[in-house]
>>> print(open('upload39.cif').read())   # mmCIF, C-alpha atoms
data_model
#
loop_
_atom_site.label_atom_id
_atom_site.label_comp_id
_atom_site.auth_asym_id
_atom_site.auth_seq_id
_atom_site.Cartn_x
_atom_site.Cartn_y
_atom_site.Cartn_z
CA MET A 634 19.37 8.66 1.35
CA PHE A 635 17.88 11.79 2.91
CA SER A 636 17.10 10.09 6.19
CA SER A 637 17.75 6.59 7.48
CA LEU A 638 14.30 6.57 9.12
CA VAL A 639 12.63 7.20 5.77
CA SER A 640 14.86 4.58 4.10
CA ARG A 641 13.86 2.05 6.76
CA LEU A 642 10.17 2.85 6.22
CA VAL A 643 10.59 2.50 2.44
CA ARG A 644 12.14 -0.95 2.93
CA ALA A 645 9.40 -2.00 5.38
CA LEU A 646 6.66 -0.89 2.98
CA GLN A 647 8.04 -3.12 0.23
CA VAL A 648 6.71 -6.25 1.98
CA LEU A 649 3.23 -5.14 0.87
CA PRO A 650 1.86 -7.03 -2.13
CA GLY A 651 2.56 -5.10 -5.35
CA VAL A 652 4.62 -2.35 -3.73
CA GLY A 653 8.08 -1.71 -5.21
CA PRO A 654 10.71 0.91 -4.31
CA LYS A 655 8.99 3.77 -6.19
CA THR A 656 5.52 3.24 -4.73
CA ALA A 657 7.05 2.66 -1.30
CA THR A 658 8.88 6.00 -1.52
CA ARG A 659 5.70 7.81 -2.54
CA ILE A 660 3.72 6.21 0.31
CA ALA A 661 6.49 6.90 2.86
CA LEU A 662 6.77 10.59 1.94
CA TYR A 663 2.99 10.89 1.96
CA LEU A 664 2.67 9.40 5.45
CA VAL A 665 5.55 11.20 7.14
CA HIS A 666 5.07 14.54 5.46
CA LYS A 667 1.75 15.13 3.71
CA ASP A 668 -0.64 13.51 6.16
CA ARG A 669 1.21 12.78 9.37
CA SER A 670 -1.92 12.19 11.48
CA ALA A 671 -2.98 9.44 9.05
CA GLY A 672 0.51 7.98 9.34
CA ARG A 673 0.30 8.00 13.12
CA GLU A 674 -3.16 6.36 13.11
CA LEU A 675 -1.94 3.69 10.66
CA ALA A 676 1.14 2.95 12.80
CA ASP A 677 -1.04 2.59 15.93
CA ALA A 678 -3.74 0.49 14.22
CA LEU A 679 -1.12 -1.82 12.72
CA HIS A 680 0.76 -2.12 16.02
CA ASP A 681 -2.39 -3.03 17.97
CA ALA A 682 -3.60 -5.48 15.33
CA VAL A 683 -0.24 -7.26 15.02
CA GLU A 684 0.18 -7.57 18.78
CA ARG A 685 -3.36 -8.63 19.62
CA ILE A 686 -4.79 -10.58 16.67
CA ARG A 687 -4.85 -14.35 17.11
CA GLU A 688 -7.07 -17.16 15.87
CA CYS A 689 -10.63 -17.80 17.09
CA THR A 690 -10.55 -21.16 18.88
CA TYR A 691 -13.91 -21.91 17.34
CA CYS A 692 -13.55 -21.07 13.64
CA ARG A 693 -9.80 -20.36 13.31
CA ASN A 694 -10.50 -16.97 11.72
CA VAL A 695 -8.48 -13.89 12.74
CA SER A 696 -9.79 -12.49 16.01
CA GLU A 697 -8.71 -10.31 18.91
CA ASP A 698 -10.59 -12.50 21.41
CA SER A 699 -10.47 -16.25 21.97
CA VAL A 700 -13.89 -16.42 20.29
CA CYS A 701 -14.36 -14.04 17.34
CA GLU A 702 -17.18 -11.49 17.08
CA LEU A 703 -18.97 -13.56 14.47
CA CYS A 704 -18.89 -16.85 16.42
CA ALA A 705 -19.99 -15.00 19.56
CA ASN A 706 -22.95 -13.42 17.72
CA PRO A 707 -26.15 -15.19 18.90
CA LYS A 708 -27.99 -14.08 15.74
CA ARG A 709 -25.90 -16.31 13.46
CA ASP A 710 -27.38 -19.58 12.26
CA THR A 711 -25.41 -22.28 14.12
CA SER A 712 -26.72 -25.13 11.97
CA VAL A 713 -24.64 -24.22 8.89
CA ILE A 714 -20.86 -23.99 8.64
CA CYS A 715 -19.05 -22.66 5.59
CA VAL A 716 -15.51 -24.00 5.19
CA VAL A 717 -13.05 -21.64 3.48
CA GLU A 718 -9.31 -21.66 2.79
CA THR A 719 -8.40 -18.18 4.07
CA PRO A 720 -9.74 -15.32 6.25
CA GLY A 721 -9.98 -13.31 3.02
CA ASP A 722 -12.34 -15.92 1.55
CA ALA A 723 -14.58 -15.68 4.64
CA TYR A 724 -14.50 -11.91 4.33
CA ALA A 725 -15.55 -12.09 0.65
CA ILE A 726 -18.53 -14.35 1.42
CA GLU A 727 -19.53 -12.22 4.40
CA SER A 728 -19.38 -9.07 2.25
CA SER A 729 -21.88 -10.62 -0.18
CA GLY A 730 -24.45 -10.64 2.63
CA SER A 731 -25.83 -13.96 1.43
CA PHE A 732 -24.69 -16.23 4.24
CA ALA A 733 -25.97 -16.14 7.81
CA GLY A 734 -24.18 -19.17 9.29
CA ARG A 735 -20.71 -19.52 10.72
CA TYR A 736 -17.34 -20.10 9.10
CA PHE A 737 -14.45 -22.45 9.51
CA VAL A 738 -11.07 -21.31 8.19
CA LEU A 739 -8.61 -24.01 7.08
CA HIS A 740 -5.66 -21.64 6.48
CA GLY A 741 -4.72 -23.61 3.39
CA HIS A 742 -5.65 -26.83 1.64
CA LEU A 743 -4.45 -30.43 1.70
CA SER A 744 -1.12 -30.60 -0.07
CA PRO A 745 0.93 -33.77 0.53
CA ILE A 746 3.78 -32.32 -1.55
CA ASP A 747 4.14 -29.45 0.96
CA GLY A 748 3.53 -31.75 3.91
CA ILE A 749 0.15 -30.18 4.71
CA GLY A 750 -2.21 -32.82 6.10
CA PRO A 751 -5.63 -32.86 7.83
CA SER A 752 -4.19 -31.90 11.22
CA ASP A 753 -2.63 -28.69 9.80
CA LEU A 754 -6.06 -27.62 8.57
CA GLY A 755 -7.73 -28.24 11.95
CA LEU A 756 -10.09 -30.83 10.48
CA ALA A 757 -10.40 -32.66 13.82
CA THR A 758 -11.63 -29.39 15.35
CA LEU A 759 -14.11 -29.02 12.50
CA HIS A 760 -15.39 -32.57 13.05
CA LYS A 761 -15.78 -32.05 16.79
CA ARG A 762 -17.60 -28.79 16.25
CA VAL A 763 -20.02 -30.27 13.69
CA CYS A 764 -20.88 -33.11 16.07
CA SER A 765 -21.30 -31.04 19.21
CA ASP A 766 -23.23 -28.13 17.61
CA SER A 767 -25.92 -30.17 15.84
CA VAL A 768 -24.87 -28.76 12.49
CA SER A 769 -27.09 -29.86 9.60
CA GLU A 770 -25.04 -28.61 6.63
CA VAL A 771 -21.37 -28.03 5.84
CA ILE A 772 -20.81 -25.85 2.77
CA VAL A 773 -17.35 -26.39 1.32
CA ALA A 774 -16.04 -23.23 -0.38
CA THR A 775 -12.44 -24.27 -1.04
CA GLY A 776 -10.88 -23.25 -4.38
CA THR A 777 -11.03 -25.04 -7.72
CA SER A 778 -7.34 -25.98 -7.71
CA ALA A 779 -6.55 -29.71 -7.57
CA GLU A 780 -5.71 -29.27 -3.87
CA GLY A 781 -8.90 -27.31 -3.20
CA GLU A 782 -11.01 -30.04 -4.84
CA ALA A 783 -9.14 -32.79 -2.98
CA THR A 784 -9.74 -30.96 0.31
CA ALA A 785 -13.45 -30.67 -0.51
CA HIS A 786 -13.68 -34.41 -1.18
CA TYR A 787 -11.73 -35.22 1.96
CA ILE A 788 -14.16 -33.14 4.05
CA ALA A 789 -17.16 -34.81 2.37
CA SER A 790 -15.73 -38.26 3.15
CA MET A 791 -15.08 -37.23 6.76
CA PHE A 792 -18.82 -36.78 7.28
CA SER A 793 -20.11 -39.60 5.05
CA ASP A 794 -21.28 -41.63 8.06
CA ASP A 795 -23.01 -38.70 9.71
CA ASP A 796 -26.57 -37.53 9.13
CA LEU A 797 -25.39 -34.28 7.56
CA LYS A 798 -25.52 -32.53 4.21
CA VAL A 799 -22.09 -31.63 2.77
CA THR A 800 -22.39 -29.26 -0.20
CA ARG A 801 -19.99 -27.48 -2.54
CA ILE A 802 -20.49 -23.88 -3.72
CA ALA A 803 -21.19 -23.51 -7.44
CA HIS A 804 -18.33 -22.67 -9.78
CA GLY A 805 -19.29 -21.23 -13.16
CA VAL A 806 -19.59 -18.10 -15.27
CA PRO A 807 -19.38 -15.08 -12.93
CA ALA A 808 -22.38 -12.73 -12.68
CA GLY A 809 -22.17 -10.22 -15.52
CA GLY A 810 -19.38 -12.26 -17.13
CA GLU A 811 -19.50 -12.68 -20.90
CA LEU A 812 -19.33 -16.24 -22.15
CA THR A 813 -17.11 -15.13 -25.05
CA TYR A 814 -14.36 -14.02 -22.69
CA THR A 815 -14.72 -16.78 -20.09
CA ASP A 816 -11.80 -19.22 -19.77
CA THR A 817 -12.32 -22.85 -20.77
CA ASN A 818 -11.83 -24.19 -17.24
CA THR A 819 -14.66 -22.00 -15.95
CA ILE A 820 -16.93 -23.05 -18.85
CA ASN A 821 -16.09 -26.67 -18.02
CA HIS A 822 -17.21 -26.06 -14.41
CA ALA A 823 -20.34 -24.20 -15.57
CA LEU A 824 -21.43 -27.07 -17.78
CA ARG A 825 -20.72 -29.81 -15.28
CA GLY A 826 -22.51 -27.86 -12.56
CA ARG A 827 -25.65 -27.16 -14.63
CA THR A 828 -28.99 -27.35 -12.81
CA PRO A 829 -32.55 -27.92 -14.09
CA ILE A 830 -34.33 -24.67 -14.98
CA GLY A 831 -37.02 -23.90 -12.47
CA ASP A 832 -35.15 -25.32 -9.46
CA MET B 723 -16.62 -7.48 10.90
CA PHE B 724 -14.56 -10.37 12.27
CA SER B 725 -12.57 -8.11 14.54
CA SER B 726 -12.79 -4.41 15.30
CA LEU B 727 -8.96 -4.22 15.31
CA VAL B 728 -8.82 -5.52 11.74
CA SER B 729 -11.64 -3.16 10.71
CA ARG B 730 -9.73 -0.23 12.19
CA LEU B 731 -6.58 -1.28 10.32
CA VAL B 732 -8.54 -1.61 7.06
CA ARG B 733 -9.88 1.93 7.52
CA ALA B 734 -6.43 3.31 8.35
CA LEU B 735 -4.89 1.66 5.28
CA GLN B 736 -7.38 3.40 2.99
CA VAL B 737 -5.56 6.72 3.42
CA LEU B 738 -2.81 5.31 1.19
CA PRO B 739 -2.90 6.56 -2.41
CA GLY B 740 -4.82 4.11 -4.61
CA VAL B 741 -5.89 1.77 -1.81
CA GLY B 742 -9.63 1.02 -1.58
CA PRO B 743 -11.52 -1.30 0.79
CA LYS B 744 -10.62 -4.52 -1.06
CA THR B 745 -6.90 -3.87 -1.31
CA ALA B 746 -6.87 -2.59 2.29
CA THR B 747 -8.50 -5.84 3.48
CA ARG B 748 -5.96 -7.93 1.56
CA ILE B 749 -3.05 -5.92 2.98
CA ALA B 750 -4.47 -6.02 6.54
CA LEU B 751 -4.96 -9.80 6.52
CA TYR B 752 -1.50 -10.23 5.01
CA LEU B 753 0.17 -8.13 7.71
CA VAL B 754 -1.67 -9.48 10.74
CA HIS B 755 -1.78 -13.09 9.65
CA LYS B 756 0.50 -14.14 6.82
CA ASP B 757 3.63 -12.20 7.71
CA ARG B 758 3.26 -10.81 11.19
CA SER B 759 6.95 -9.97 11.65
CA ALA B 760 6.79 -7.75 8.55
CA GLY B 761 3.69 -6.12 10.00
CA ARG B 762 5.46 -5.47 13.27
CA GLU B 763 8.52 -3.99 11.53
CA LEU B 764 6.29 -1.76 9.38
CA ALA B 765 4.37 -0.52 12.43
CA ASP B 766 7.63 0.31 14.23
CA ALA B 767 9.27 1.94 11.20
CA LEU B 768 6.18 4.06 10.53
CA HIS B 769 5.83 5.03 14.20
CA ASP B 770 9.48 6.14 14.45
CA ALA B 771 9.37 8.02 11.15
CA VAL B 772 6.13 9.85 11.94
CA GLU B 773 7.32 10.85 15.42
CA ARG B 774 10.83 11.91 14.48
CA ILE B 775 10.81 13.21 10.91
CA ARG B 776 10.92 17.00 10.59
CA GLU B 777 12.32 19.44 8.05
CA CYS B 778 16.02 20.11 7.53
CA THR B 779 16.58 23.74 8.56
CA TYR B 780 18.97 24.07 5.67
CA CYS B 781 17.12 22.59 2.66
CA ARG B 782 13.59 21.99 4.06
CA ASN B 783 13.70 18.35 2.95
CA VAL B 784 12.40 15.60 5.26
CA SER B 785 14.99 14.75 7.88
CA GLU B 786 15.32 13.20 11.30
CA ASP B 787 18.00 15.70 12.35
CA SER B 788 17.97 19.48 12.23
CA VAL B 789 20.37 19.21 9.28
CA CYS B 790 19.65 16.31 6.89
CA GLU B 791 22.21 13.66 5.94
CA LEU B 792 22.67 15.16 2.49
CA CYS B 793 23.28 18.74 3.67
CA ALA B 794 25.67 17.42 6.34
CA ASN B 795 27.64 15.41 3.78
CA PRO B 796 31.00 17.24 3.18
CA LYS B 797 31.39 15.52 -0.20
CA ARG B 798 28.46 17.37 -1.76
CA ASP B 799 29.18 20.34 -4.03
CA THR B 800 28.07 23.39 -2.03
CA SER B 801 28.26 25.74 -5.02
CA VAL B 802 25.11 24.39 -6.73
CA ILE B 803 21.58 24.29 -5.35
CA CYS B 804 18.73 22.50 -7.09
CA VAL B 805 15.29 23.90 -6.20
CA VAL B 806 12.43 21.38 -6.29
CA GLU B 807 8.75 21.41 -5.35
CA THR B 808 8.59 18.25 -3.23
CA PRO B 809 10.81 15.79 -1.32
CA GLY B 810 9.78 13.21 -3.94
CA ASP B 811 11.23 15.42 -6.70
CA ALA B 812 14.55 15.65 -4.83
CA TYR B 813 14.46 11.88 -4.39
CA ALA B 814 13.90 11.37 -8.14
CA ILE B 815 16.85 13.61 -9.10
CA GLU B 816 19.06 12.00 -6.47
CA SER B 817 18.16 8.54 -7.76
CA SER B 818 19.37 9.54 -11.25
CA GLY B 819 22.87 9.96 -9.81
CA SER B 820 23.48 12.96 -12.07
CA PHE B 821 23.53 15.72 -9.46
CA ALA B 822 26.19 16.22 -6.80
CA GLY B 823 25.06 19.52 -5.27
CA ARG B 824 22.49 20.27 -2.62
CA TYR B 825 18.72 20.68 -2.78
CA PHE B 826 16.17 23.19 -1.64
CA VAL B 827 12.59 21.96 -1.21
CA LEU B 828 9.80 24.51 -1.66
CA HIS B 829 6.96 22.19 -0.57
CA GLY B 830 4.73 23.60 -3.30
CA HIS B 831 4.73 26.44 -5.81
CA LEU B 832 3.54 30.04 -5.91
CA SER B 833 -0.25 30.01 -6.13
CA PRO B 834 -1.98 33.31 -5.31
CA ILE B 835 -5.39 31.62 -5.71
CA ASP B 836 -4.56 29.28 -2.81
CA GLY B 837 -2.86 32.04 -0.84
CA ILE B 838 0.60 30.52 -1.27
CA GLY B 839 3.23 33.26 -1.46
CA PRO B 840 7.05 33.45 -1.35
CA SER B 841 7.18 33.18 2.45
CA ASP B 842 5.31 29.83 2.39
CA LEU B 843 7.96 28.44 0.07
CA GLY B 844 10.86 29.57 2.28
CA LEU B 845 12.28 31.76 -0.47
CA ALA B 846 13.88 34.13 2.07
CA THR B 847 15.76 31.14 3.51
CA LEU B 848 16.86 30.18 -0.01
CA HIS B 849 18.11 33.70 -0.68
CA LYS B 850 20.03 33.84 2.60
CA ARG B 851 21.58 30.47 1.93
CA VAL B 852 22.65 31.37 -1.60
CA CYS B 853 24.32 34.57 -0.37
CA SER B 854 26.08 33.06 2.65
CA ASP B 855 27.29 29.85 0.96
CA SER B 856 28.93 31.43 -2.11
CA VAL B 857 26.63 29.50 -4.41
CA SER B 858 27.43 29.96 -8.11
CA GLU B 859 24.37 28.29 -9.69
CA VAL B 860 20.74 27.75 -8.78
CA ILE B 861 19.05 25.07 -10.91
CA VAL B 862 15.28 25.48 -10.85
CA ALA B 863 13.51 22.12 -11.26
CA THR B 864 9.91 23.18 -10.55
CA GLY B 865 7.16 21.66 -12.70
CA THR B 866 5.82 22.81 -16.07
CA SER B 867 2.44 23.88 -14.69
CA ALA B 868 1.64 27.59 -14.90
CA GLU B 869 2.42 27.87 -11.17
CA GLY B 870 5.67 25.92 -11.54
CA GLU B 871 6.80 28.23 -14.37
CA ALA B 872 5.77 31.34 -12.42
CA THR B 873 7.74 30.10 -9.42
CA ALA B 874 10.78 29.52 -11.64
CA HIS B 875 10.58 33.07 -12.99
CA TYR B 876 10.09 34.51 -9.52
CA ILE B 877 13.24 32.73 -8.30
CA ALA B 878 15.21 33.94 -11.33
CA SER B 879 14.11 37.54 -10.67
CA MET B 880 15.05 37.18 -6.98
CA PHE B 881 18.68 36.68 -7.98
CA SER B 882 18.82 38.99 -11.03
CA ASP B 883 21.06 41.47 -9.20
CA ASP B 884 23.43 38.82 -7.89
CA ASP B 885 26.47 37.44 -9.68
CA LEU B 886 24.86 34.03 -10.02
CA LYS B 887 23.66 31.71 -12.76
CA VAL B 888 19.98 30.71 -12.47
CA THR B 889 19.12 27.84 -14.81
CA ARG B 890 16.05 25.77 -15.59
CA ILE B 891 16.14 22.00 -16.20
CA ALA B 892 15.26 20.94 -19.76
CA HIS B 893 11.73 19.83 -20.51
CA GLY B 894 11.25 17.80 -23.67
CA VAL B 895 10.77 14.36 -25.14
CA PRO B 896 11.68 11.79 -22.45
CA ALA B 897 14.58 9.40 -23.06
CA GLY B 898 13.29 6.43 -25.06
CA GLY B 899 10.02 8.28 -25.70
CA GLU B 900 8.53 8.03 -29.16
CA LEU B 901 7.73 11.32 -30.85
CA THR B 902 4.53 9.83 -32.31
CA TYR B 903 3.06 9.27 -28.87
CA THR B 904 4.37 12.43 -27.20
CA ASP B 905 1.78 14.99 -26.11
CA THR B 906 1.73 18.36 -27.87
CA ASN B 907 2.70 20.32 -24.77
CA THR B 908 5.88 18.27 -24.39
CA ILE B 909 6.70 18.70 -28.10
CA ASN B 910 6.15 22.44 -27.65
CA HIS B 911 8.69 22.42 -24.80
CA ALA B 912 11.11 20.25 -26.78
CA LEU B 913 11.09 22.64 -29.75
CA ARG B 914 11.39 25.82 -27.69
CA GLY B 915 14.23 24.27 -25.68
CA ARG B 916 16.24 23.08 -28.70
CA THR B 917 20.04 23.41 -28.52
CA PRO B 918 22.72 23.58 -31.27
CA ILE B 919 24.04 20.15 -32.23
CA GLY B 920 27.57 19.69 -31.00
CA ASP B 921 27.10 21.67 -27.78
#
>>> encode(input="upload39.cif", output="structure tokens")
Amino acid sequence: MFSSLVSRLVRALQVLPGVGPKTATRIALYLVHKDRSAGRELADALHDAVERIRECTYCRNVSEDSVCELCANPKRDTSVICVVETPGDAYAIESSGSFAGRYFVLHGHLSPIDGIGPSDLGLATLHKRVCSDSVSEVIVATGTSAEGEATAHYIASMFSDDDLKVTRIAHGVPAGGELTYTDTNTINHALRGRTPIGD
Amino acid sequence: MFSSLVSRLVRALQVLPGVGPKTATRIALYLVHKDRSAGRELADALHDAVERIRECTYCRNVSEDSVCELCANPKRDTSVICVVETPGDAYAIESSGSFAGRYFVLHGHLSPIDGIGPSDLGLATLHKRVCSDSVSEVIVATGTSAEGEATAHYIASMFSDDDLKVTRIAHGVPAGGELTYTDTNTINHALRGRTPIGD
């Protein structure tokens, strides 16, 4: 309207999750007018990331090198692999600071209806890695959707002949969550996943 | 954490209004992994806008040319100027489709405490433009803050000797707004700004 460059930026910003025309306009005017150096830094950071980010050949997570910083870190425990659906899931677990092993990112879950099979999730790579790295435990942290559960069971069956522990993360009432306001599906998981007190 | 390029992008994204570390991470992973072409287009659009956007010499709005598209449009009514505080305000009025004149953007309001005086708002430029363009009405659409009101009065006094109408946009109960839930300041404005029925 005022400038075709601003209009183009407003359109481009609307690909962001939860950003409509009004928010996009506010962000665009902020970046090109209020804080131009921040806008310049964001444009550069985004350009570099988009051009150079690829997948780690080892764990399939986002990485700028062929092996990501985490897989290349000699301090990580190589005997445990945590399998997640997305890079965001790996990021969430890593942020908790309670896991010192390595990750494996599926980029999805088994979904025959969408034509997504074991090869799309890199499960052969996972199997090869587990065998060659003397891994002792695979922690499956896929979601609780039907597809996430099916993927977890598929992975467990993949390693049933191997001398290897395959575990599933606990699903239940979140820390600080009130039972009164917890959905029935979560309560179902919490009850089925109950453990003896004192363990 | 996984990649210094992603970390840099996450930091850069946090300059956006209302975006914290979690949202920034979600957006970053979305742009570099889920929809890379959208990420590329956003980086390019932002780069071009930041490098080329400046202020229209005529109305001080954001523009890629020395005269913005709106001021250069021969179909706009040159006899009316609407004075606003920000480019976003001009955008909001323009989106309503109820104004066919031109704008003048102050980029702020008079604020002696912050050292912002008439020259910072380009009021000399506004005066020159009104005189040379045979403008018949200046509509002041500054905000209802003390500074916005003071700015409106200052602009009115600037033109008190000229044969020119200086008007103020109406402030009152918003369209569709319920009186019950309207704040007292707005009701105050609505009552003071009442007009005879039938006008």
>>> residues_around(input="upload39.cif", residues="Ser858 of chain B", least_positions_apart="4", cutoff="8 Å", atoms="only C-alpha atoms", output="list in words")
Ser801, Val802, Asp885, Leu886 and Lys887 of chain B
>>> write_last_selection(input="upload39.cif", atoms="C-alpha atoms", output="short mmCIF file (atom, residue, chain, number, x, y, z; two decimals), keeping the file's coordinate frame")
data_model
loop_
_atom_site.label_atom_id
_atom_site.label_comp_id
_atom_site.auth_asym_id
_atom_site.auth_seq_id
_atom_site.Cartn_x
_atom_site.Cartn_y
_atom_site.Cartn_z
CA SER B 801 28.26 25.74 -5.02
CA VAL B 802 25.11 24.39 -6.73
CA ASP B 885 26.47 37.44 -9.68
CA LEU B 886 24.86 34.03 -10.02
CA LYS B 887 23.66 31.71 -12.76
#
>>> resolve_selection(input="upload39.cif", expression="the PyMOL selection byres ((chain A) within 6 of (chain B))", output="PDB file with C-alpha atoms, in the coordinates of the input")
ATOM      1  CA  PHE A 635      17.880  11.790   2.910  1.00  0.00           C
ATOM      2  CA  SER A 636      17.100  10.090   6.190  1.00  0.00           C
ATOM      3  CA  LEU A 638      14.300   6.570   9.120  1.00  0.00           C
ATOM      4  CA  LEU A 642      10.170   2.850   6.220  1.00  0.00           C
ATOM      5  CA  ALA A 645       9.400  -2.000   5.380  1.00  0.00           C
ATOM      6  CA  VAL A 665       5.550  11.200   7.140  1.00  0.00           C
ATOM      7  CA  LEU A 675      -1.940   3.690  10.660  1.00  0.00           C
ATOM      8  CA  ALA A 676       1.140   2.950  12.800  1.00  0.00           C
ATOM      9  CA  ALA A 678      -3.740   0.490  14.220  1.00  0.00           C
ATOM     10  CA  LEU A 679      -1.120  -1.820  12.720  1.00  0.00           C
ATOM     11  CA  HIS A 680       0.760  -2.120  16.020  1.00  0.00           C
ATOM     12  CA  ALA A 682      -3.600  -5.480  15.330  1.00  0.00           C
ATOM     13  CA  VAL A 683      -0.240  -7.260  15.020  1.00  0.00           C
ATOM     14  CA  SER A 696      -9.790 -12.490  16.010  1.00  0.00           C
ATOM     15  CA  GLU A 702     -17.180 -11.490  17.080  1.00  0.00           C
ATOM     16  CA  LEU A 703     -18.970 -13.560  14.470  1.00  0.00           C
TER      17      LEU A 703
END
>>> closest_residue(input="upload39.cif", among="B:Val895, B:Val852, B:Ala878, B:Leu832", to="Asn907 of chain B", atoms="all atoms listed in the file")
B:Val895
>>> atom_distance(input="upload39.cif", atom1="atom CA of Asp710 of chain A", atom2="atom CA of Gly734 of chain A")
4.4 Å
>>> atom_distance(input="upload39.cif", atom1="atom CA of Asp816 of chain A", atom2="atom CA of Ser778 of chain A")
14.5 Å
>>> decode(input="upload39.cif", residues="segment 751-757 of chain A", atoms="all heavy atoms", output="PDB file, in the first residue's frame")
ATOM      1  N   PRO A 751       9.113 -47.050   7.446  1.00  0.00           N
ATOM      2  CA  PRO A 751      10.372 -47.078   8.193  1.00  0.00           C
ATOM      3  C   PRO A 751      11.535 -46.387   7.478  1.00  0.00           C
ATOM      4  O   PRO A 751      12.361 -45.738   8.126  1.00  0.00           O
ATOM      5  CB  PRO A 751      10.649 -48.576   8.349  1.00  0.00           C
ATOM      6  CG  PRO A 751       9.304 -49.217   8.289  1.00  0.00           C
ATOM      7  CD  PRO A 751       8.503 -48.397   7.335  1.00  0.00           C
ATOM      8  N   SER A 752      11.580 -46.477   6.147  1.00  0.00           N
ATOM      9  CA  SER A 752      12.725 -45.893   5.441  1.00  0.00           C
ATOM     10  C   SER A 752      12.679 -44.360   5.484  1.00  0.00           C
ATOM     11  O   SER A 752      13.716 -43.702   5.507  1.00  0.00           O
ATOM     12  CB  SER A 752      12.754 -46.384   3.994  1.00  0.00           C
ATOM     13  OG  SER A 752      11.597 -45.928   3.332  1.00  0.00           O
ATOM     14  N   ASP A 753      11.452 -43.782   5.521  1.00  0.00           N
ATOM     15  CA  ASP A 753      11.325 -42.323   5.593  1.00  0.00           C
ATOM     16  C   ASP A 753      11.819 -41.785   6.934  1.00  0.00           C
ATOM     17  O   ASP A 753      12.207 -40.627   7.042  1.00  0.00           O
ATOM     18  CB  ASP A 753       9.865 -41.911   5.392  1.00  0.00           C
ATOM     19  CG  ASP A 753       9.327 -42.370   4.049  1.00  0.00           C
ATOM     20  OD1 ASP A 753       9.875 -41.935   3.026  1.00  0.00           O
ATOM     21  OD2 ASP A 753       8.391 -43.184   4.032  1.00  0.00           O
ATOM     22  N   LEU A 754      11.762 -42.637   7.955  1.00  0.00           N
ATOM     23  CA  LEU A 754      12.160 -42.199   9.294  1.00  0.00           C
ATOM     24  C   LEU A 754      13.631 -42.536   9.583  1.00  0.00           C
ATOM     25  O   LEU A 754      14.115 -42.278  10.683  1.00  0.00           O
ATOM     26  CB  LEU A 754      11.265 -42.857  10.357  1.00  0.00           C
ATOM     27  CG  LEU A 754       9.750 -42.681  10.165  1.00  0.00           C
ATOM     28  CD1 LEU A 754       9.006 -43.360  11.299  1.00  0.00           C
ATOM     29  CD2 LEU A 754       9.374 -41.206  10.103  1.00  0.00           C
ATOM     30  N   GLY A 755      14.318 -43.089   8.600  1.00  0.00           N
ATOM     31  CA  GLY A 755      15.749 -43.397   8.768  1.00  0.00           C
ATOM     32  C   GLY A 755      15.994 -44.518   9.763  1.00  0.00           C
ATOM     33  O   GLY A 755      17.044 -44.543  10.425  1.00  0.00           O
ATOM     34  N   LEU A 756      15.052 -45.457   9.888  1.00  0.00           N
ATOM     35  CA  LEU A 756      15.188 -46.482  10.925  1.00  0.00           C
ATOM     36  C   LEU A 756      16.345 -47.446  10.650  1.00  0.00           C
ATOM     37  O   LEU A 756      16.927 -48.003  11.580  1.00  0.00           O
ATOM     38  CB  LEU A 756      13.864 -47.228  11.115  1.00  0.00           C
ATOM     39  CG  LEU A 756      12.757 -46.365  11.763  1.00  0.00           C
ATOM     40  CD1 LEU A 756      11.468 -47.165  11.951  1.00  0.00           C
ATOM     41  CD2 LEU A 756      13.219 -45.819  13.107  1.00  0.00           C
ATOM     42  N   ALA A 757      16.706 -47.614   9.361  1.00  0.00           N
ATOM     43  CA  ALA A 757      17.861 -48.460   9.037  1.00  0.00           C
ATOM     44  C   ALA A 757      19.140 -47.808   9.573  1.00  0.00           C
ATOM     45  O   ALA A 757      20.019 -48.471  10.130  1.00  0.00           O
ATOM     46  CB  ALA A 757      17.954 -48.661   7.529  1.00  0.00           C
TER      47      ALA A 757
END
